[in-house]
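The file data32.txt contains compact mmCIF, C-alpha atoms:
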# COMPACT_ATOMS: atom_id res chain seq x y z
CA MET A 892 84.09 -14.99 -35.87
CA ASP A 893 81.24 -13.33 -33.98
CA PHE A 894 81.15 -9.55 -33.52
CA LYS A 895 77.73 -9.50 -31.89
CA PRO A 896 77.84 -7.28 -28.76
CA SER A 897 77.87 -9.23 -25.52
CA ALA A 898 74.99 -8.44 -23.17
CA ASP A 899 77.26 -9.11 -20.20
CA HIS A 900 79.91 -6.73 -21.48
CA GLU A 901 77.35 -4.02 -22.14
CA ALA A 902 76.02 -4.47 -18.60
CA ILE A 903 79.55 -4.01 -17.24
CA ARG A 904 80.03 -0.86 -19.30
CA GLU A 905 76.76 0.65 -18.11
CA ALA A 906 77.43 -0.24 -14.48
CA VAL A 907 80.89 1.35 -14.52
CA ARG A 908 79.56 4.44 -16.29
CA ALA A 909 76.95 4.80 -13.56
CA VAL A 910 79.67 4.74 -10.90
CA MET A 911 81.82 7.24 -12.78
CA ARG A 912 79.04 9.83 -12.97
CA ASP A 913 79.82 10.60 -9.34
CA PHE A 914 83.41 11.40 -10.31
CA PRO A 915 83.31 14.05 -13.05
CA ASP A 916 86.25 15.83 -14.66
CA ASP A 917 86.35 18.49 -11.95
CA TYR A 918 86.99 15.81 -9.32
CA TRP A 919 89.99 14.51 -11.25
CA SER A 920 91.33 17.99 -11.90
CA ARG A 921 91.23 18.76 -8.18
CA LYS A 922 92.97 15.52 -7.28
CA ASP A 923 95.60 16.05 -9.96
CA GLN A 924 96.32 19.62 -8.94
CA ALA A 925 96.48 18.74 -5.24
CA HIS A 926 98.62 15.62 -5.84
CA GLU A 927 96.04 13.78 -3.74
CA PHE A 928 95.15 10.09 -4.05
CA PRO A 929 91.49 9.59 -5.11
CA TRP A 930 90.40 7.67 -2.01
CA GLU A 931 86.69 8.25 -2.55
CA PHE A 932 86.87 6.74 -6.01
CA TYR A 933 89.09 3.85 -4.90
CA GLN A 934 86.79 2.92 -2.03
CA THR A 935 83.71 3.14 -4.23
CA MET A 936 85.22 0.79 -6.80
CA ALA A 937 86.21 -1.62 -4.03
CA ARG A 938 82.73 -1.60 -2.48
CA SER A 939 81.21 -2.18 -5.90
CA GLY A 940 83.38 -5.27 -6.40
CA TRP A 941 85.25 -4.03 -9.47
CA LEU A 942 88.72 -4.62 -7.99
CA GLY A 943 88.03 -8.35 -8.04
CA THR A 944 86.76 -8.50 -11.62
CA ALA A 945 89.42 -10.97 -12.83
CA ILE A 946 90.22 -12.61 -9.49
CA PRO A 947 88.92 -16.19 -8.90
CA GLN A 948 85.70 -16.53 -6.98
CA GLU A 949 87.28 -18.70 -4.29
CA TYR A 950 89.37 -15.69 -3.26
CA GLY A 951 86.53 -13.19 -3.26
CA GLY A 952 86.57 -12.06 -6.87
CA ALA A 953 84.10 -12.28 -9.73
CA GLY A 954 86.09 -14.91 -11.61
CA LEU A 955 85.89 -13.08 -14.94
CA GLY A 956 88.69 -12.55 -17.44
CA VAL A 957 91.18 -9.94 -18.56
CA THR A 958 88.64 -8.94 -21.21
CA GLU A 959 86.15 -7.86 -18.55
CA ALA A 960 88.85 -6.20 -16.43
CA GLY A 961 89.93 -4.27 -19.52
CA ILE A 962 86.37 -3.11 -20.15
CA VAL A 963 86.19 -1.82 -16.57
CA LEU A 964 89.48 0.08 -16.79
CA GLY A 965 88.70 1.38 -20.27
CA GLU A 966 85.40 2.84 -19.08
CA VAL A 967 87.07 4.39 -16.04
CA ALA A 968 89.62 6.13 -18.27
CA ALA A 969 87.02 7.15 -20.86
CA SER A 970 84.88 8.85 -18.22
CA GLY A 971 87.51 11.56 -17.91
CA ALA A 972 89.35 9.93 -15.01
CA ALA A 973 92.06 9.04 -17.52
CA MET A 974 95.22 7.57 -15.96
CA ASN A 975 94.68 9.07 -12.52
CA GLY A 976 91.59 6.88 -12.24
CA ALA A 977 92.88 3.78 -13.99
CA SER A 978 96.24 3.76 -12.18
CA ALA A 979 94.54 4.00 -8.80
CA ILE A 980 93.02 0.54 -9.26
CA HIS A 981 94.75 -1.40 -12.03
CA ILE A 982 97.54 -2.93 -9.93
CA SER A 983 94.87 -4.36 -7.62
CA MET A 984 93.13 -5.81 -10.67
CA PHE A 985 96.10 -7.45 -12.41
CA GLY A 986 99.22 -7.06 -10.28
CA ILE A 987 98.64 -10.03 -8.02
CA ASN A 988 98.18 -12.48 -10.89
CA PRO A 989 101.61 -14.07 -10.17
CA VAL A 990 100.51 -14.52 -6.54
CA ILE A 991 97.32 -16.30 -7.60
CA LYS A 992 99.25 -18.57 -10.00
CA HIS A 993 102.45 -19.20 -8.08
CA GLY A 994 101.94 -18.09 -4.48
CA ASN A 995 101.27 -20.44 -1.59
CA GLU A 996 97.77 -21.08 -0.31
CA ALA A 997 98.26 -18.79 2.69
CA MET A 998 98.95 -15.84 0.34
CA ARG A 999 95.91 -16.63 -1.78
CA ARG A 1000 93.63 -17.24 1.20
CA ASP A 1001 94.76 -14.36 3.44
CA ASP A 1002 95.96 -11.61 1.11
CA VAL A 1003 94.03 -11.84 -2.16
CA PRO A 1004 90.58 -11.27 -0.56
CA ARG A 1005 91.99 -8.15 1.13
CA VAL A 1006 93.08 -6.85 -2.27
CA VAL A 1007 89.57 -7.44 -3.61
CA SER A 1008 87.99 -5.60 -0.67
CA GLY A 1009 90.32 -2.65 -1.13
CA GLU A 1010 91.92 -3.12 2.27
CA LEU A 1011 95.31 -4.25 0.97
CA HIS A 1012 97.30 -2.04 -1.38
CA VAL A 1013 100.10 -3.64 -3.38
CA CYS A 1014 102.92 -2.15 -5.45
CA PHE A 1015 105.21 -3.68 -8.07
CA GLY A 1016 108.96 -3.62 -7.33
CA VAL A 1017 110.74 -4.56 -10.56
CA THR A 1018 112.29 -1.54 -12.30
CA GLU A 1019 115.60 -0.13 -11.05
CA PRO A 1020 117.24 3.27 -11.58
CA ASP A 1021 120.02 2.20 -13.99
CA LEU A 1022 118.49 -0.78 -15.79
CA GLY A 1023 115.51 0.36 -17.83
CA THR A 1024 113.90 -2.70 -19.42
CA ASP A 1025 116.90 -5.01 -18.87
CA ILE A 1026 115.14 -6.89 -16.08
CA ALA A 1027 117.63 -9.77 -16.16
CA ARG A 1028 120.30 -7.39 -14.81
CA VAL A 1029 118.39 -6.57 -11.61
CA ARG A 1030 120.86 -5.60 -8.91
CA THR A 1031 118.58 -5.75 -5.87
CA ARG A 1032 119.93 -8.70 -3.91
CA ALA A 1033 118.08 -11.16 -1.66
CA GLU A 1034 120.62 -13.16 0.36
CA ARG A 1035 119.38 -16.38 1.93
CA ARG A 1036 120.06 -16.65 5.67
CA GLY A 1037 118.40 -19.72 7.11
CA ASP A 1038 114.63 -19.34 7.03
CA ARG A 1039 114.69 -15.82 5.63
CA TYR A 1040 116.26 -13.54 3.05
CA VAL A 1041 117.91 -10.19 3.62
CA VAL A 1042 117.15 -7.76 0.80
CA ASN A 1043 119.15 -4.71 -0.25
CA GLY A 1044 118.70 -2.60 -3.35
CA ARG A 1045 116.97 0.26 -5.10
CA LYS A 1046 113.73 0.26 -7.07
CA THR A 1047 112.08 3.01 -9.06
CA TRP A 1048 108.73 3.89 -10.63
CA LEU A 1049 106.73 2.00 -8.01
CA THR A 1050 103.14 3.13 -8.38
CA LYS A 1051 101.36 3.62 -5.03
CA ALA A 1052 104.34 2.55 -2.90
CA ALA A 1053 103.42 5.18 -0.30
CA GLU A 1054 99.94 3.66 0.08
CA SER A 1055 101.01 0.02 -0.16
CA GLU A 1056 101.30 -2.50 2.64
CA LYS A 1057 102.90 -5.17 0.46
CA VAL A 1058 105.21 -5.31 -2.53
CA LEU A 1059 105.64 -7.85 -5.31
CA LEU A 1060 109.43 -7.71 -5.39
CA LEU A 1061 111.91 -9.09 -7.93
CA ALA A 1062 115.41 -9.65 -6.57
CA ARG A 1063 118.49 -11.63 -7.51
CA THR A 1064 119.12 -14.65 -5.29
CA THR A 1065 122.00 -16.14 -7.30
CA PRO A 1066 124.80 -13.95 -8.73
CA ILE A 1067 124.37 -13.56 -12.47
CA GLU A 1068 127.88 -14.88 -13.18
CA GLN A 1069 126.86 -18.19 -11.58
CA CYS A 1070 123.76 -18.58 -13.79
CA ARG A 1071 123.50 -20.35 -17.14
CA ARG A 1072 121.28 -17.55 -18.48
CA PRO A 1073 120.88 -13.95 -17.26
CA ILE A 1074 117.16 -14.54 -16.58
CA ASP A 1075 118.00 -17.35 -14.15
CA GLY A 1076 118.72 -16.72 -10.48
CA LEU A 1077 115.96 -14.15 -9.97
CA SER A 1078 113.29 -14.74 -7.34
CA LEU A 1079 109.90 -13.13 -6.81
CA PHE A 1080 108.63 -12.24 -3.35
CA PHE A 1081 105.25 -11.08 -2.07
CA THR A 1082 106.12 -9.43 1.20
CA ALA A 1083 105.47 -6.59 3.59
CA LEU A 1084 106.96 -3.23 2.64
CA GLN A 1085 108.62 -2.66 5.99
CA ARG A 1086 108.66 1.06 6.68
CA ASP A 1087 111.64 0.84 9.05
CA ARG A 1088 113.71 -0.78 6.29
CA VAL A 1089 112.66 1.21 3.24
CA THR A 1090 112.87 4.85 2.21
CA ILE A 1091 110.08 5.96 -0.12
CA LYS A 1092 110.53 9.13 -2.16
CA PRO A 1093 107.94 10.50 -4.60
CA ILE A 1094 109.07 11.27 -8.15
CA LEU A 1095 108.02 14.64 -9.50
CA LYS A 1096 106.32 13.95 -12.83
CA MET A 1097 104.77 15.57 -15.88
CA GLY A 1098 101.30 14.23 -15.12
CA ARG A 1099 99.11 11.69 -13.32
CA HIS A 1100 99.76 13.62 -10.14
CA ALA A 1101 96.94 12.04 -8.11
CA VAL A 1102 98.75 8.68 -8.10
CA GLN A 1103 102.34 8.79 -6.93
CA SER A 1104 105.29 7.12 -8.57
CA ASN A 1105 108.10 6.42 -6.13
CA GLU A 1106 111.74 5.60 -5.72
CA VAL A 1107 112.28 3.02 -2.99
CA ALA A 1108 115.55 2.25 -1.21
CA ILE A 1109 115.64 -1.12 0.60
CA ASP A 1110 118.17 -1.61 3.36
CA ASP A 1111 118.56 -4.96 5.17
CA MET A 1112 114.88 -5.82 4.88
CA GLU A 1113 114.26 -9.32 6.22
CA VAL A 1114 111.82 -11.38 4.16
CA PRO A 1115 110.49 -14.71 5.48
CA LEU A 1116 111.11 -17.75 3.30
CA GLU A 1117 107.36 -18.33 2.98
CA ASP A 1118 107.02 -14.95 1.23
CA ARG A 1119 108.87 -16.29 -1.83
CA LEU A 1120 106.69 -17.28 -4.80
CA GLY A 1121 107.42 -20.80 -6.01
CA GLU A 1122 110.98 -21.96 -6.55
CA GLU A 1123 114.05 -19.90 -5.91
CA GLY A 1124 115.54 -18.58 -9.14
CA ARG A 1125 112.30 -18.83 -11.16
CA GLY A 1126 111.07 -15.31 -10.48
CA PHE A 1127 111.53 -14.01 -14.01
CA HIS A 1128 109.27 -16.75 -15.38
CA TYR A 1129 106.62 -16.10 -12.73
CA LEU A 1130 106.73 -12.41 -13.54
CA LEU A 1131 105.72 -13.14 -17.13
CA ASP A 1132 102.25 -14.07 -15.88
CA GLY A 1133 101.75 -10.40 -15.11
CA ILE A 1134 103.32 -8.87 -18.22
CA ASN A 1135 100.82 -9.79 -20.96
CA PRO A 1136 97.69 -8.90 -18.97
CA GLU A 1137 99.34 -5.63 -17.92
CA ARG A 1138 99.96 -4.65 -21.56
CA ILE A 1139 96.41 -5.57 -22.49
CA LEU A 1140 94.86 -3.62 -19.65
CA VAL A 1141 97.04 -0.57 -20.24
CA ALA A 1142 96.02 -0.70 -23.91
CA MET A 1143 92.35 -0.60 -22.89
CA GLU A 1144 93.09 2.34 -20.60
CA ALA A 1145 94.84 4.12 -23.46
CA VAL A 1146 91.82 3.69 -25.71
CA GLY A 1147 89.71 5.11 -22.88
CA VAL A 1148 91.92 8.19 -22.54
CA GLY A 1149 91.72 8.73 -26.30
CA ARG A 1150 87.94 8.48 -26.23
CA ALA A 1151 87.71 11.01 -23.40
CA ALA A 1152 89.85 13.46 -25.39
CA LEU A 1153 87.92 12.87 -28.59
CA ARG A 1154 84.58 13.39 -26.85
CA ARG A 1155 85.73 16.75 -25.51
CA ALA A 1156 87.06 17.79 -28.92
CA VAL A 1157 83.84 16.90 -30.73
CA GLN A 1158 81.73 18.82 -28.23
CA TYR A 1159 83.96 21.86 -28.49
CA ALA A 1160 83.93 21.69 -32.30
CA GLN A 1161 80.14 21.75 -32.22
CA ASP A 1162 79.89 24.59 -29.71
CA ARG A 1163 82.71 26.91 -30.78
CA ILE A 1164 81.48 29.55 -33.26
CA VAL A 1165 84.04 31.38 -35.40
CA TYR A 1166 83.12 33.42 -38.47
CA GLU A 1167 79.46 32.74 -37.68
CA ARG A 1168 79.77 28.97 -38.01
CA PRO A 1169 80.81 26.09 -35.73
CA ILE A 1170 84.43 25.14 -36.28
CA GLY A 1171 83.32 21.51 -36.55
CA LYS A 1172 81.84 22.38 -39.93
CA ASN A 1173 85.36 22.78 -41.31
CA GLN A 1174 87.01 19.70 -42.82
CA GLY A 1175 90.33 20.85 -41.37
CA VAL A 1176 88.81 20.17 -37.95
CA GLN A 1177 86.68 17.17 -38.93
CA PHE A 1178 89.28 15.06 -40.68
CA PRO A 1179 91.90 14.87 -37.88
CA LEU A 1180 89.19 13.89 -35.39
CA ALA A 1181 87.67 11.28 -37.70
CA ASP A 1182 91.14 9.85 -38.30
CA ALA A 1183 91.69 9.67 -34.54
CA LEU A 1184 88.43 7.77 -34.19
CA CYS A 1185 89.56 5.20 -36.76
CA ARG A 1186 92.83 4.64 -34.94
CA LEU A 1187 91.13 4.22 -31.55
CA GLU A 1188 88.65 1.72 -32.98
CA ALA A 1189 91.44 -0.29 -34.62
CA ALA A 1190 93.51 -0.30 -31.42
CA GLU A 1191 90.54 -1.49 -29.39
CA LEU A 1192 89.90 -4.38 -31.77
CA VAL A 1193 93.49 -5.57 -31.54
CA THR A 1194 93.36 -5.23 -27.75
CA LEU A 1195 90.15 -7.21 -27.46
CA ARG A 1196 91.69 -9.96 -29.60
CA ALA A 1197 94.73 -10.09 -27.33
CA ALA A 1198 92.47 -10.23 -24.26
CA TRP A 1199 90.43 -13.06 -25.80
CA LEU A 1200 93.59 -15.05 -26.51
CA TYR A 1201 94.81 -14.57 -22.95
CA ASP A 1202 91.46 -15.60 -21.48
CA GLN A 1203 91.52 -18.73 -23.65
CA ALA A 1204 95.00 -19.57 -22.30
CA LEU A 1205 96.44 -19.19 -25.81
CA PRO A 1206 99.78 -17.54 -26.67
CA CYS A 1207 99.30 -13.76 -26.88
CA GLY A 1208 102.69 -12.14 -26.39
CA GLN A 1209 102.80 -10.60 -29.86
CA GLU A 1210 99.16 -9.50 -29.76
CA ALA A 1211 99.48 -7.96 -26.29
CA SER A 1212 102.55 -6.03 -27.42
CA MET A 1213 100.85 -4.85 -30.62
CA ALA A 1214 97.82 -3.75 -28.62
CA LYS A 1215 99.92 -1.70 -26.22
CA TYR A 1216 101.84 -0.09 -29.09
CA LEU A 1217 98.80 0.79 -31.21
CA ALA A 1218 96.67 1.98 -28.30
CA GLY A 1219 99.41 4.20 -26.89
CA GLU A 1220 99.92 5.83 -30.29
CA ALA A 1221 96.18 6.25 -30.86
CA ALA A 1222 95.59 7.77 -27.42
CA TYR A 1223 98.37 10.31 -27.82
CA LEU A 1224 97.24 11.28 -31.31
CA ALA A 1225 93.63 11.73 -30.14
CA ALA A 1226 94.71 13.84 -27.17
CA ASP A 1227 97.02 15.96 -29.30
CA ARG A 1228 94.30 16.61 -31.85
CA ALA A 1229 91.78 17.36 -29.12
CA LEU A 1230 94.12 20.00 -27.73
CA GLN A 1231 94.70 21.44 -31.22
CA THR A 1232 90.95 21.58 -31.84
CA HIS A 1233 90.57 23.74 -28.74
CA GLY A 1234 93.28 26.11 -29.95
CA GLY A 1235 94.58 28.34 -27.17
CA PHE A 1236 91.87 27.12 -24.81
CA GLY A 1237 93.32 23.61 -25.08
CA TYR A 1238 96.23 24.86 -22.99
CA ALA A 1239 93.88 25.92 -20.19
CA ALA A 1240 93.36 23.44 -17.35
CA GLU A 1241 89.62 24.17 -17.16
CA MET A 1242 89.08 22.53 -20.57
CA GLN A 1243 90.56 19.21 -19.28
CA VAL A 1244 92.27 18.22 -22.53
CA GLU A 1245 95.70 19.37 -21.36
CA ARG A 1246 95.38 16.83 -18.54
CA TYR A 1247 94.43 14.10 -21.04
CA PHE A 1248 97.38 15.13 -23.22
CA ARG A 1249 99.88 14.82 -20.35
CA GLU A 1250 98.53 11.44 -19.32
CA ALA A 1251 98.28 10.11 -22.88
CA ARG A 1252 101.98 10.83 -23.38
CA LEU A 1253 102.75 8.45 -20.53
CA LEU A 1254 101.14 5.60 -22.46
CA ARG A 1255 103.86 5.62 -25.11
CA ILE A 1256 106.57 4.80 -22.58
CA THR A 1257 104.92 2.66 -19.90
CA PRO A 1258 104.86 -0.18 -18.99
CA ILE A 1259 107.29 -0.67 -21.87
CA SER A 1260 108.59 1.76 -24.46
CA GLU A 1261 107.52 1.67 -28.08
CA ASN A 1262 111.05 0.90 -29.28
CA MET A 1263 111.27 -2.20 -27.11
CA ILE A 1264 107.94 -3.42 -28.46
CA LEU A 1265 109.11 -2.90 -32.04
CA SER A 1266 112.37 -4.72 -31.29
CA TYR A 1267 110.41 -7.63 -29.81
CA LEU A 1268 108.06 -7.81 -32.80
CA ALA A 1269 110.90 -7.53 -35.30
CA GLU A 1270 112.59 -10.55 -33.72
CA HIS A 1271 109.63 -12.75 -32.77
CA ALA A 1272 107.04 -11.87 -35.42
CA LEU A 1273 109.30 -11.09 -38.39
CA GLY A 1274 112.22 -13.38 -37.61
CA LEU A 1275 114.84 -10.61 -37.79
CA PRO A 1276 118.05 -10.83 -35.70
CA LYS A 1277 117.82 -9.75 -32.08
CA SER A 1278 118.85 -6.09 -31.83
CA TYR A 1279 119.69 -5.82 -28.15
Rewrite the structure of this file - the entire thing - as structure tokens.
Amino acid sequence: MDFKPSADHEAIREAVRAVMRDFPDDYWSRKDQAHEFPWEFYQTMARSGWLGTAIPQEYGGAGLGVTEAGIVLGEVAASGAAMNGASAIHISMFGINPVIKHGNEAMRRDDVPRVVSGELHVCFGVTEPDLGTDIARVRTRAERRGDRYVVNGRKTWLTKAAESEKVLLLARTTPIEQCRRPIDGLSLFFTALQRDRVTIKPILKMGRHAVQSNEVAIDDMEVPLEDRLGEEGRGFHYLLDGINPERILVAMEAVGVGRAALRRAVQYAQDRIVYERPIGKNQGVQFPLADALCRLEAAELVTLRAAWLYDQALPCGQEASMAKYLAGEAAYLAADRALQTHGGFGYAAEMQVERYFREARLLRITPISENMILSYLAEHALGLPKSY
């Protein structure tokens, strides 16, 4: 086991930090308050090649792994961009993994390089209003009619749907009552988000206002047969190729958000003078921040292990889930303690930590809730009976 720092990884960290210096906290506060997508940041990251970090070289990417993509997203979040910054680019960095693995050559040749260049925006159409995490019960229907499908249904929590040209869409092609297992009969499509056949409505949220989340209604949208990934009815299995890297990358983002909050708290504790001494001299301030540091470091180690396993093509479902759970908890705790360290000023937008706090809370529920992770680990890691 070698813990020696990687020169390549350090070079990535320094390069991303250099880019992020042009996008300070004030930039992200303005974008958040205006509910405005950070186009300048997005285009800069695309021009710099970071969107293609983990995409194969033959399709315009750098051909690196989830580990390197996680380092990029973690540094973006840690700069103070938090989830507004990370969410603006992370679907481009991991979301098309099922397309690369299971799409046809035309998709990989024509569409993937456009994602890398920043020209093509993609959203993820899986979650539905009444289903939560029960993906097998997807009600959006894709009915085969000759050389095309006709899709009808409702999707929710689609990040960047308003900006996206294409959608990675999960729909049921065989009625569930005709399937041997609930996860059968689902198909995955990579297709145009046809504006004359969809209605996109933004969801008003607690935070991460610069990057929209949307509800999408799909009415009689015709999807060509060639837009289906792989075999009909195998969509759930293809989708799994995006789940583990997503949890790993979100965990790295969470660690980044926690580090941004902790950095602000430490600086404030050094600068704030009360009773003729800096408040950081008090153990009541020191200990919660030191504890937060320990938790962030531990979460990052578990996340890096999960990323290494994934990049080595080894099983990593449990590790990816643990990483997401631990990092989400650590980020929220760090942000909460950063706000508490600031006292009343922590509630003021100018101090930034209230923005970190709102965005850190998101990381305990997305892309999967903590309870679902614990249920999964109880069953698969501990061998307890399935609880749902």
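Closest approach to Ala1221 in chain A among A:Arg1249, A:Lys922, A:Leu1254, A:Tyr1159: A:Leu1254, based on only C-alpha atoms.
CA of Val957 in chain A is positioned 24.3 Å from CA of Ile1026 in chain A.
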key: Surrounding residues of range 947-955 of chain A excluding itself and chain neighbours under 2 positions, 9 Å, all atoms listed in the file, as a PyMOL selection string   = chain A and resi 940-945+957-960+991+999-1005+1007-1008+1202
Export C-alpha atoms of the chosen residues as a PDB file, keeping the file's coordinate frame?
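Listed below is the output, out.pdb:
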ATOM      1  CA  GLY A 940      83.380  -5.270  -6.400  1.00  0.00           C
ATOM      2  CA  TRP A 941      85.250  -4.030  -9.470  1.00  0.00           C
ATOM      3  CA  LEU A 942      88.720  -4.620  -7.990  1.00  0.00           C
ATOM      4  CA  GLY A 943      88.030  -8.350  -8.040  1.00  0.00           C
ATOM      5  CA  THR A 944      86.760  -8.500 -11.620  1.00  0.00           C
ATOM      6  CA  ALA A 945      89.420 -10.970 -12.830  1.00  0.00           C
ATOM      7  CA  VAL A 957      91.180  -9.940 -18.560  1.00  0.00           C
ATOM      8  CA  THR A 958      88.640  -8.940 -21.210  1.00  0.00           C
ATOM      9  CA  GLU A 959      86.150  -7.860 -18.550  1.00  0.00           C
ATOM     10  CA  ALA A 960      88.850  -6.200 -16.430  1.00  0.00           C
ATOM     11  CA  ILE A 991      97.320 -16.300  -7.600  1.00  0.00           C
ATOM     12  CA  ARG A 999      95.910 -16.630  -1.780  1.00  0.00           C
ATOM     13  CA  ARG A1000      93.630 -17.240   1.200  1.00  0.00           C
ATOM     14  CA  ASP A1001      94.760 -14.360   3.440  1.00  0.00           C
ATOM     15  CA  ASP A1002      95.960 -11.610   1.110  1.00  0.00           C
ATOM     16  CA  VAL A1003      94.030 -11.840  -2.160  1.00  0.00           C
ATOM     17  CA  PRO A1004      90.580 -11.270  -0.560  1.00  0.00           C
ATOM     18  CA  ARG A1005      91.990  -8.150   1.130  1.00  0.00           C
ATOM     19  CA  VAL A1007      89.570  -7.440  -3.610  1.00  0.00           C
ATOM     20  CA  SER A1008      87.990  -5.600  -0.670  1.00  0.00           C
ATOM     21  CA  ASP A1202      91.460 -15.600 -21.480  1.00  0.00           C
TER      22      ASP A1202
END
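Take the candidates A:Leu1195, A:Leu1187, A:Ala1211, A:Leu1077 and check each one against Glu1137 in chain A using all atoms listed in the file; the shortest distance goes to A:Ala1211.
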ask   = Which residues come within 12 Å of Leu1200 in chain A, counting all atoms listed in the file, excluding same-chain residues fewer than 5 positions away, as a list in words?
value = Gly956, Val957, Thr958, Asn1135, Pro1136, Ile1139, Val1193, Thr1194, Leu1195, Leu1205, Pro1206, Cys1207, Gly1208, Gln1209, Glu1210 and Ala1211 of chain A
Kindly save the residues from that selection, with C-alpha atoms included, as a PDB file, keeping the file's coordinate frame.
ATOM      1  CA  GLY A 956      88.690 -12.550 -17.440  1.00  0.00           C
ATOM      2  CA  VAL A 957      91.180  -9.940 -18.560  1.00  0.00           C
ATOM      3  CA  THR A 958      88.640  -8.940 -21.210  1.00  0.00           C
ATOM      4  CA  ASN A1135     100.820  -9.790 -20.960  1.00  0.00           C
ATOM      5  CA  PRO A1136      97.690  -8.900 -18.970  1.00  0.00           C
ATOM      6  CA  ILE A1139      96.410  -5.570 -22.490  1.00  0.00           C
ATOM      7  CA  VAL A1193      93.490  -5.570 -31.540  1.00  0.00           C
ATOM      8  CA  THR A1194      93.360  -5.230 -27.750  1.00  0.00           C
ATOM      9  CA  LEU A1195      90.150  -7.210 -27.460  1.00  0.00           C
ATOM     10  CA  LEU A1205      96.440 -19.190 -25.810  1.00  0.00           C
ATOM     11  CA  PRO A1206      99.780 -17.540 -26.670  1.00  0.00           C
ATOM     12  CA  CYS A1207      99.300 -13.760 -26.880  1.00  0.00           C
ATOM     13  CA  GLY A1208     102.690 -12.140 -26.390  1.00  0.00           C
ATOM     14  CA  GLN A1209     102.800 -10.600 -29.860  1.00  0.00           C
ATOM     15  CA  GLU A1210      99.160  -9.500 -29.760  1.00  0.00           C
ATOM     16  CA  ALA A1211      99.480  -7.960 -26.290  1.00  0.00           C
TER      17      ALA A1211
END
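Distances from A:Pro1073, A:Asp917, A:Gly976, A:Ala1198 to Asp1025 in chain A were compared using all atoms listed in the file, and the smallest one belongs to A:Pro1073.
Pairwise distance (CA of Gln924 in chain A, CA of His1100 in chain A) equals 7.0 Å.
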Show me, as AutoDock Vina command-line options, the centre and edge lengths in Å to one decimal of the axis-aligned box that covers every listed atom of range 1166-1185 of chain A with 5 Å on each side.
--center_x 85.7 --center_y 19.3 --center_z -38.5 --size_x 22.4 --size_y 38.2 --size_z 18.6
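Counting all atoms listed in the file, Ile1164 in chain A has the following residues at most 12 Å away, ignoring those fewer than 6 positions along the same chain: Gln1158, Ile1170, Gly1171, Lys1172, Asn1173 and His1233 of chain A.
In this model, the gap between CA of Ile903 in chain A and CA of Met936 in chain A comes to 12.8 Å.
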key: Of the listed residues A:Gly1149, A:Gly994, A:Pro1179, A:Gly965, that which approaches His981 in chain A most closely, counting all atoms listed in the file   = A:Gly965
task = Determine, counting only C-alpha atoms, which protein, DNA and RNA residues have an atom within 10 Å of an atom of Val990 in chain A; residues of the same chain fewer than 5 positions away are not included. Present the result as a ChimeraX atom specification.
result = /A:995-996,998-999,1002-1003,1059,1079-1081,1119-1121,1129-1130,1132-1133
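Distance check against Lys1277 in chain A using only C-alpha atoms: of A:Pro896, A:Leu1265, A:Val1148, A:Ile1134, the minimum falls on A:Leu1265.
The smallest atom-to-atom distance between Val1146 in chain A and any of A:Ala1183, A:Val1041, A:Cys1070, A:Ala1222, using all atoms listed in the file, is found for A:Ala1222.
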message = Which residues are near Thr1031 in chain A? Cut-off 8 Å, only C-alpha atoms, ignore same chain within fewer than 3 positions. Put them as a VMD selection string.
response = chain A and resid 1042 to 1046 1061 to 1063
Any chance you could model N, CA and C atoms for range 1007-1016 of chain A and send them as a PDB file, in the coordinates of the input?
ATOM      1  N   VAL A1007      90.896  -7.588  -3.015  1.00  0.00           N
ATOM      2  CA  VAL A1007      89.570  -7.440  -3.610  1.00  0.00           C
ATOM      3  C   VAL A1007      88.719  -6.443  -2.831  1.00  0.00           C
ATOM      4  N   SER A1008      88.806  -6.491  -1.508  1.00  0.00           N
ATOM      5  CA  SER A1008      87.990  -5.600  -0.670  1.00  0.00           C
ATOM      6  C   SER A1008      88.503  -4.168  -0.644  1.00  0.00           C
ATOM      7  N   GLY A1009      89.726  -3.984  -1.147  1.00  0.00           N
ATOM      8  CA  GLY A1009      90.320  -2.650  -1.130  1.00  0.00           C
ATOM      9  C   GLY A1009      91.136  -2.366   0.107  1.00  0.00           C
ATOM     10  N   GLU A1010      91.183  -3.323   1.029  1.00  0.00           N
ATOM     11  CA  GLU A1010      91.920  -3.120   2.270  1.00  0.00           C
ATOM     12  C   GLU A1010      93.422  -3.163   2.056  1.00  0.00           C
ATOM     13  N   LEU A1011      93.883  -4.045   1.181  1.00  0.00           N
ATOM     14  CA  LEU A1011      95.310  -4.250   0.970  1.00  0.00           C
ATOM     15  C   LEU A1011      95.762  -3.600  -0.327  1.00  0.00           C
ATOM     16  N   HIS A1012      96.672  -2.649  -0.201  1.00  0.00           N
ATOM     17  CA  HIS A1012      97.300  -2.040  -1.380  1.00  0.00           C
ATOM     18  C   HIS A1012      98.628  -2.741  -1.656  1.00  0.00           C
ATOM     19  N   VAL A1013      98.900  -2.932  -2.943  1.00  0.00           N
ATOM     20  CA  VAL A1013     100.100  -3.640  -3.380  1.00  0.00           C
ATOM     21  C   VAL A1013     100.819  -2.803  -4.433  1.00  0.00           C
ATOM     22  N   CYS A1014     102.145  -2.795  -4.387  1.00  0.00           N
ATOM     23  CA  CYS A1014     102.920  -2.150  -5.450  1.00  0.00           C
ATOM     24  C   CYS A1014     103.845  -3.180  -6.096  1.00  0.00           C
ATOM     25  N   PHE A1015     104.401  -2.799  -7.230  1.00  0.00           N
ATOM     26  CA  PHE A1015     105.210  -3.680  -8.070  1.00  0.00           C
ATOM     27  C   PHE A1015     106.652  -3.203  -8.002  1.00  0.00           C
ATOM     28  N   GLY A1016     107.567  -4.010  -7.463  1.00  0.00           N
ATOM     29  CA  GLY A1016     108.960  -3.620  -7.330  1.00  0.00           C
ATOM     30  C   GLY A1016     109.857  -4.366  -8.300  1.00  0.00           C
TER      31      GLY A1016
END
